[in-house]
Amino acid sequence: MEIMQVTGSIVCSQRVPGLAHQQLRVLRTSKGKLSVAVDPVGATVGNWVFTASGSAARFATGDADLLTDLTIGGIIDRWDPDG
Amino acid sequence: MEIMQVTGSIVCSQRVPGLAHQQLRVLRTSKGKLSVAVDPVGATVGNWVFTASGSAARFATGDADLLTDLTIGGIIDRWDPDG
Amino acid sequence: MEIMQVTGSIVCSQRVPGLAHQQLRVLRTSKGKLSVAVDPVGATVGNWVFTASGSAARFATGDADLLTDLTIGGIIDRWDPDG
Amino acid sequence: MEIMQVTGSIVCSQRVPGLAHQQLRVLRTSKGKLSVAVDPVGATVGNWVFTASGSAARFATGDADLLTDLTIGGIIDRWDPDG
Amino acid sequence: MEIMQVTGSIVCSQRVPGLAHQQLRVLRTSKGKLSVAVDPVGATVGNWVFTASGSAARFATGDADLLTDLTIGGIIDRWDPDG
């Protein structure tokens, strides 16, 4: 999974049916790369999150038919040097 | 999903049967990388879109047998700092 | 899918059984990165092609058991500013 | 698989159900890129490990329903010039 | 598939069960990136090989349950300008 920060959302009136009414979040990696993810955990702008990609992204939404390749898996509370 | 801009189309008379007669769009990321995607939403040149890759790309076409690894998932209307 | 140019072929006497007797093409992206792909469309050196990766690459060969992660999907005839 | 070094753990109180109570490790590649992985082998900070990504990451946890795209596959004891 | 060169092996006493007793090879791309792959063809250090990634990597081992995301597909004998 990747570590990314939530920077906003996108609005798309024309989109494929398979995404239902999921909100689409814009995320940024520490190197500045932007991606779009489905958000089942309710992250807000500024949150650091980890994301699941590939086929795991579909299962992570709780609805395996949802057409995403990137899903927020959790909001990072803290980062320990050793867990 | 990735954010890309539509820059044109490609024409291929010789291609594998599994793509049917889908139109193939040329997309460009903000860093200039070019990719080819199937377009089920009817984007036009200049549109910013988000794309699904991997196995999600096949489902996103509405025909899971279609042989694509990148499909346009929606046209971006606007980008909110917080959705 | 990615846009690549055919630059040659590789010959491998020792290889895994799952590739059958498929010819293996060497492709180059516009940035110079080299990859190896199965070629079901009969491309020749110098052709610009688009390629399917991941699980779509297996289906694109017409034989879903073929063990490839990159397959040539079509030869690009021309590139339109808008298709 | 990739070679990475364990640098710590992350704590996430809000996360998707599909990750169960798996511990999430933060890994770093030799180029400094950070990723998050499920750890079924019990690695500690400083260990060099190899990781499986994609659908193999789910199977590697021993529970194919676990929603991960990166799993530690083993701790590297030593590196031989030729094995 | 990617073109890589075999540079050695890794030894891992603690690893996930799904890799059985497969030997793990360390490979290097022309740009110096290192990866770890399962080797069903018996490559030796210095050999140039091509590798299959993703779900194809599991099938390429001849045992689809093997937990790898990179498998050596063949040893490159020679490289023709046109095959």
# chains A, B, ... in the order shown; residues from 1 in each chain; ligands from 1

$ residues_around --residues "segment 10-16 of chain D" --least-positions-apart "4" --cutoff "12 Å" --atoms "only C-alpha atoms" --output "PyMOL selection string"
(chain A and resi 1-3+38-43+47-52+56-63+71-83) or (chain D and resi 6+20-27+34-38+66-68)

$ select_by_dssp --residues "chain C" --states "alpha helix (DSSP H)" --output "list in words"
Ser55, Ala56, Ala57, Arg58, Phe59 and Ala60 of chain C

$ write_last_selection --atoms "C-alpha atoms" --output "PDB file, in the first residue's frame"
ATOM      1  CA  SER C  55      -4.199  -9.916 -17.124  1.00  0.00           C
ATOM      2  CA  ALA C  56      -5.486  -8.280 -20.339  1.00  0.00           C
ATOM      3  CA  ALA C  57      -2.218  -9.329 -22.002  1.00  0.00           C
ATOM      4  CA  ARG C  58      -3.108 -12.996 -21.605  1.00  0.00           C
ATOM      5  CA  PHE C  59      -6.589 -12.588 -23.067  1.00  0.00           C
ATOM      6  CA  ALA C  60      -5.230 -10.465 -25.930  1.00  0.00           C
TER       7      ALA C  60
END

$ closest_residue --among "D:Pro17, D:Gly8, D:Gly46, D:Gly32" --to "chain A" --atoms "only C-alpha atoms"
D:Gly8

$ closest_residue --among "D:Leu70, D:Ala64, D:Ser53, D:Arg28" --to "chain A" --atoms "only C-alpha atoms"
D:Leu70
